[in-house]
Amino acid sequence: MTLLSLDMLLLIEKLVLIVIIVFASLGIALYTTFAERKVAAILQDRPGPERAGPFGLFQPLADGLKLIMKEEIIPNSSNKALFILGPGLAMTAALMTCAVIPWGSTVHLFGREIDLQIADINIGILYVFGVVSLGVYGIMIGGWASNNKFSLMAALRGASQAISYELAMGIALIALLMTTNTLSLKEIVDQQMKPGHLWNIAYQPLGFLLFFICAMAECNRTPFDLPEAENELNFGYHQEYSSMKLGFYLFSEYINMIMSSAIMASLYFGGYDIPFFDEKVLPQNIAALVGVGALLIKIVIFIFIFMWIRWTIPRFRYDQLMNLGWKSLIPLALANMVATGAWILYFG
Amino acid sequence: MSTTEILFFFLSALALFSASMVLISKNPVHSVLWLVVTFFAISGHYILLNAQFLAIVNIIVYAGAIMVLFLFVIMLMNLNQQNEPQKNFWMKLTGVISGGCFMMVLVSLVRQTLDMQSKVAMTTSGDIGLIKNLGKVLFSDYVVPFEITSVLFLSAMIGAIVIGKKD
């Protein structure tokens, strides 16, 4: 089947994959909100949501329904088109990252080899950077279009924070790319799966630490949640938002968290690799499914660490945030890069 | 029409439309956002030319960093129609004349390329734009210009810090 010289079967295969991954991310994000409340409850020694369904499992559905049912308010003084565009952009940028993440190896289905990755482009990790840098627009447009000075302040904080931490993140990543010699996420994962090759965390421990801190800042998670510091800025850049538009902003934060966990797992923790186990002894399809499970478990662990930190550490002050980014993380990342280069030159 | 042609015409139309919207929009913030759309359309063209690295760097640097800073400045200046400075008639006239001259130069350039219509670009391979080949070319054949450019960037950075420093 070809139309317009396109392989239609490939198109259908990719479309199905996109739909599955997008809905799975939304579903996981839904339950991440629930997990957040449960983890917070455990850390603060209280029961947490437990009324809706067994163990409170239907709580996210109730929350979602509540958000949809709320009255939709668009302030009169706002810029209407941009006010609506803001949350949409935030959500789109959050979901676009999933295109280059390798969710598993290949499965053999209906006589076709299906890659469990939407697009294996050779600039994979740069694509992620491009999308992440676009995520700022959702916050900035939303904050500005609300026509509220607290929202604008929060948007400016969010944008400057994102730009500052993107730098350190990029430099930390360059050190990793120097050891892997490729930008494709799939190839990076495959390298780590080779026997005799450890996960990249063993070669780049400092790089991972820097990347993790920056990822936390990019997701606007506490202790980096200055854009939504409620006791200084009322509520932050989404103060004027109500109903599902607010839901989109809150939701995109959780999706960002999932995507950055998936990227960290792929870059530094072997992606869909199962530790201390050779996947080749299993049949192909089962190995692929187990691999997806392994990646999901790694993602869940990362999300738990995100939450653990959020409910343990208080928020930074703004000057502390900027000092950490520019005066600690960037010099450390540069030193890490130079050390990696020297190592490759003399021992590689 | 092949898929590439459809994509080419779509991206070209998008680029031209958003570029003219940059000029037409009354609201400066809208102009900035249309400019971001223009950068995306141009990146799409780069991908059609198989220059993936250039495409993504265009998005990261221009759409992701420079335009965000533009947006910053314009949002903080809070420009609107009421306090926009009205230029007088002669200013507008000189603007139209100089713009028209520039347009003429561009049109004459396009006319000169008529004899190149049937020629095909000679490239040794289609993957020159991929990051590996680009890096090899940059660090072997063009290493001196590359290093000089980086010194230029460094001096610009230091200059910005000196200007921005409180004294």
# chains A, B, ... in the order shown; residues from 1 in each chain; ligands from 1

call {"tool": "residues_around", "arguments": {"residues": "Lys38 in chain A", "least_positions_apart": "4", "cutoff": "10 Å", "atoms": "only C-alpha atoms", "output": "NGL selection string"}}
result
:A and (32-34 or 42-44 or 46-50 or 55-56)

call {"tool": "residues_around", "arguments": {"residues": "Leu71 in chain B", "least_positions_apart": "2", "cutoff": "12 Å", "atoms": "only C-alpha atoms", "output": "number ranges by chain"}}
result
A: 136-137, 139-141, 143-144, 152, 155-156, 159-160; B: 27-36, 62-69, 73-79

call {"tool": "closest_atom_pairs", "arguments": {"of": "chain A", "to": "chain B", "cutoff": "8 Å", "atoms": "only C-alpha atoms", "output": "tab-separated table"}}
result
residue	atom	partner	partner_atom	distance
A:Leu4	CA	B:Ser2	CA	5.8
A:Ser5	CA	B:Ser2	CA	7.0
A:Leu6	CA	B:Thr3	CA	7.7
A:Asn122	CA	B:Leu130	CA	7.9
A:Ile123	CA	B:Phe53	CA	6.7
A:Leu126	CA	B:Ile56	CA	6.8
A:Tyr127	CA	B:Ile56	CA	6.3
A:Phe129	CA	B:Ile60	CA	6.9
A:Gly130	CA	B:Ile60	CA	4.7
A:Ser133	CA	B:Gly64	CA	4.8
A:Leu134	CA	B:Gly64	CA	5.5
A:Val136	CA	B:Val68	CA	7.8
A:Tyr137	CA	B:Val68	CA	7.4
A:Trp144	CA	B:Met75	CA	7.1
A:Leu156	CA	B:Phe72	CA	7.1
A:Ala159	CA	B:Val68	CA	7.7
A:Ile163	CA	B:Ala65	CA	7.2

call {"tool": "atom_distance", "arguments": {"atom1": "CA of Phe83 in chain A", "atom2": "CA of Ala145 in chain A"}}
result
5.1 Å

call {"tool": "atom_distance", "arguments": {"atom1": "CA of Glu279 in chain A", "atom2": "CA of Leu209 in chain A"}}
result
28.4 Å

call {"tool": "closest_residue", "arguments": {"among": "A:Ser184, A:Asn323, A:Asn285, A:Thr179", "to": "Ile263 in chain A", "atoms": "only C-alpha atoms"}}
result
A:Ser184

call {"tool": "select_by_dssp", "arguments": {"residues": "range 3-226 of chain A", "states": "helix (DSSP H, G or I)", "output": "VMD selection string"}}
result
chain A and resid 8 to 43 54 to 56 59 to 69 80 to 99 124 to 145 149 to 180 185 to 193 200 to 203 205 to 218 226

call {"tool": "atom_distance", "arguments": {"atom1": "CA of Ala90 in chain A", "atom2": "CA of Phe211 in chain A"}}
result
21.5 Å

call {"tool": "decode", "arguments": {"residues": "range 18-79 of chain B", "atoms": "C-alpha atoms", "output": "PDB file, in the first residue's frame"}}
result
ATOM      1  CA  SER B  18       3.814  34.145   9.310  1.00  0.00           C
ATOM      2  CA  ALA B  19       6.581  36.478   8.160  1.00  0.00           C
ATOM      3  CA  SER B  20       4.012  38.939   6.844  1.00  0.00           C
ATOM      4  CA  MET B  21       1.992  38.539  10.045  1.00  0.00           C
ATOM      5  CA  VAL B  22       5.111  39.655  11.962  1.00  0.00           C
ATOM      6  CA  LEU B  23       4.858  42.965  10.121  1.00  0.00           C
ATOM      7  CA  ILE B  24       1.073  43.273  10.074  1.00  0.00           C
ATOM      8  CA  SER B  25       0.353  42.455  13.744  1.00  0.00           C
ATOM      9  CA  LYS B  26      -0.430  45.525  15.817  1.00  0.00           C
ATOM     10  CA  ASN B  27       0.562  43.817  19.057  1.00  0.00           C
ATOM     11  CA  PRO B  28       4.346  43.381  19.437  1.00  0.00           C
ATOM     12  CA  VAL B  29       3.924  40.170  21.443  1.00  0.00           C
ATOM     13  CA  HIS B  30       1.929  38.683  18.555  1.00  0.00           C
ATOM     14  CA  SER B  31       4.715  39.720  16.207  1.00  0.00           C
ATOM     15  CA  VAL B  32       7.279  37.849  18.275  1.00  0.00           C
ATOM     16  CA  LEU B  33       5.120  34.717  18.326  1.00  0.00           C
ATOM     17  CA  TRP B  34       4.608  34.861  14.546  1.00  0.00           C
ATOM     18  CA  LEU B  35       8.365  35.163  14.187  1.00  0.00           C
ATOM     19  CA  VAL B  36       8.699  31.935  16.175  1.00  0.00           C
ATOM     20  CA  VAL B  37       6.305  30.275  13.708  1.00  0.00           C
ATOM     21  CA  THR B  38       8.511  31.569  10.861  1.00  0.00           C
ATOM     22  CA  PHE B  39      11.559  29.952  12.452  1.00  0.00           C
ATOM     23  CA  PHE B  40       9.686  26.677  12.647  1.00  0.00           C
ATOM     24  CA  ALA B  41       8.767  26.834   8.966  1.00  0.00           C
ATOM     25  CA  ILE B  42      12.395  27.529   8.068  1.00  0.00           C
ATOM     26  CA  SER B  43      13.531  24.615  10.231  1.00  0.00           C
ATOM     27  CA  GLY B  44      11.072  22.465   8.293  1.00  0.00           C
ATOM     28  CA  HIS B  45      12.818  23.533   5.091  1.00  0.00           C
ATOM     29  CA  TYR B  46      16.171  22.539   6.583  1.00  0.00           C
ATOM     30  CA  ILE B  47      14.792  19.095   7.346  1.00  0.00           C
ATOM     31  CA  LEU B  48      13.594  18.779   3.743  1.00  0.00           C
ATOM     32  CA  LEU B  49      17.193  19.507   2.727  1.00  0.00           C
ATOM     33  CA  ASN B  50      18.288  16.699   5.084  1.00  0.00           C
ATOM     34  CA  ALA B  51      20.098  19.187   7.329  1.00  0.00           C
ATOM     35  CA  GLN B  52      18.672  17.903  10.603  1.00  0.00           C
ATOM     36  CA  PHE B  53      21.355  19.403  12.803  1.00  0.00           C
ATOM     37  CA  LEU B  54      20.887  22.872  11.356  1.00  0.00           C
ATOM     38  CA  ALA B  55      17.118  22.540  11.748  1.00  0.00           C
ATOM     39  CA  ILE B  56      17.228  21.624  15.415  1.00  0.00           C
ATOM     40  CA  VAL B  57      19.917  24.174  16.255  1.00  0.00           C
ATOM     41  CA  ASN B  58      17.791  26.824  14.550  1.00  0.00           C
ATOM     42  CA  ILE B  59      14.926  25.874  16.865  1.00  0.00           C
ATOM     43  CA  ILE B  60      17.028  25.645  20.032  1.00  0.00           C
ATOM     44  CA  VAL B  61      18.965  28.860  19.498  1.00  0.00           C
ATOM     45  CA  TYR B  62      16.463  31.122  17.770  1.00  0.00           C
ATOM     46  CA  ALA B  63      13.027  29.891  18.809  1.00  0.00           C
ATOM     47  CA  GLY B  64      14.096  28.545  22.192  1.00  0.00           C
ATOM     48  CA  ALA B  65      16.560  31.109  23.484  1.00  0.00           C
ATOM     49  CA  ILE B  66      16.712  34.350  21.507  1.00  0.00           C
ATOM     50  CA  MET B  67      12.980  34.743  20.978  1.00  0.00           C
ATOM     51  CA  VAL B  68      12.305  33.993  24.656  1.00  0.00           C
ATOM     52  CA  LEU B  69      14.583  36.894  25.562  1.00  0.00           C
ATOM     53  CA  PHE B  70      12.836  39.070  22.959  1.00  0.00           C
ATOM     54  CA  LEU B  71       9.524  38.136  24.505  1.00  0.00           C
ATOM     55  CA  PHE B  72      10.926  39.069  27.920  1.00  0.00           C
ATOM     56  CA  VAL B  73      11.890  42.549  26.805  1.00  0.00           C
ATOM     57  CA  ILE B  74       8.686  43.219  24.916  1.00  0.00           C
ATOM     58  CA  MET B  75       6.473  41.983  27.736  1.00  0.00           C
ATOM     59  CA  LEU B  76       8.271  44.190  30.222  1.00  0.00           C
ATOM     60  CA  MET B  77       8.155  47.286  28.013  1.00  0.00           C
ATOM     61  CA  ASN B  78       4.379  46.861  27.870  1.00  0.00           C
ATOM     62  CA  LEU B  79       4.008  48.401  24.418  1.00  0.00           C
TER      63      LEU B  79
END
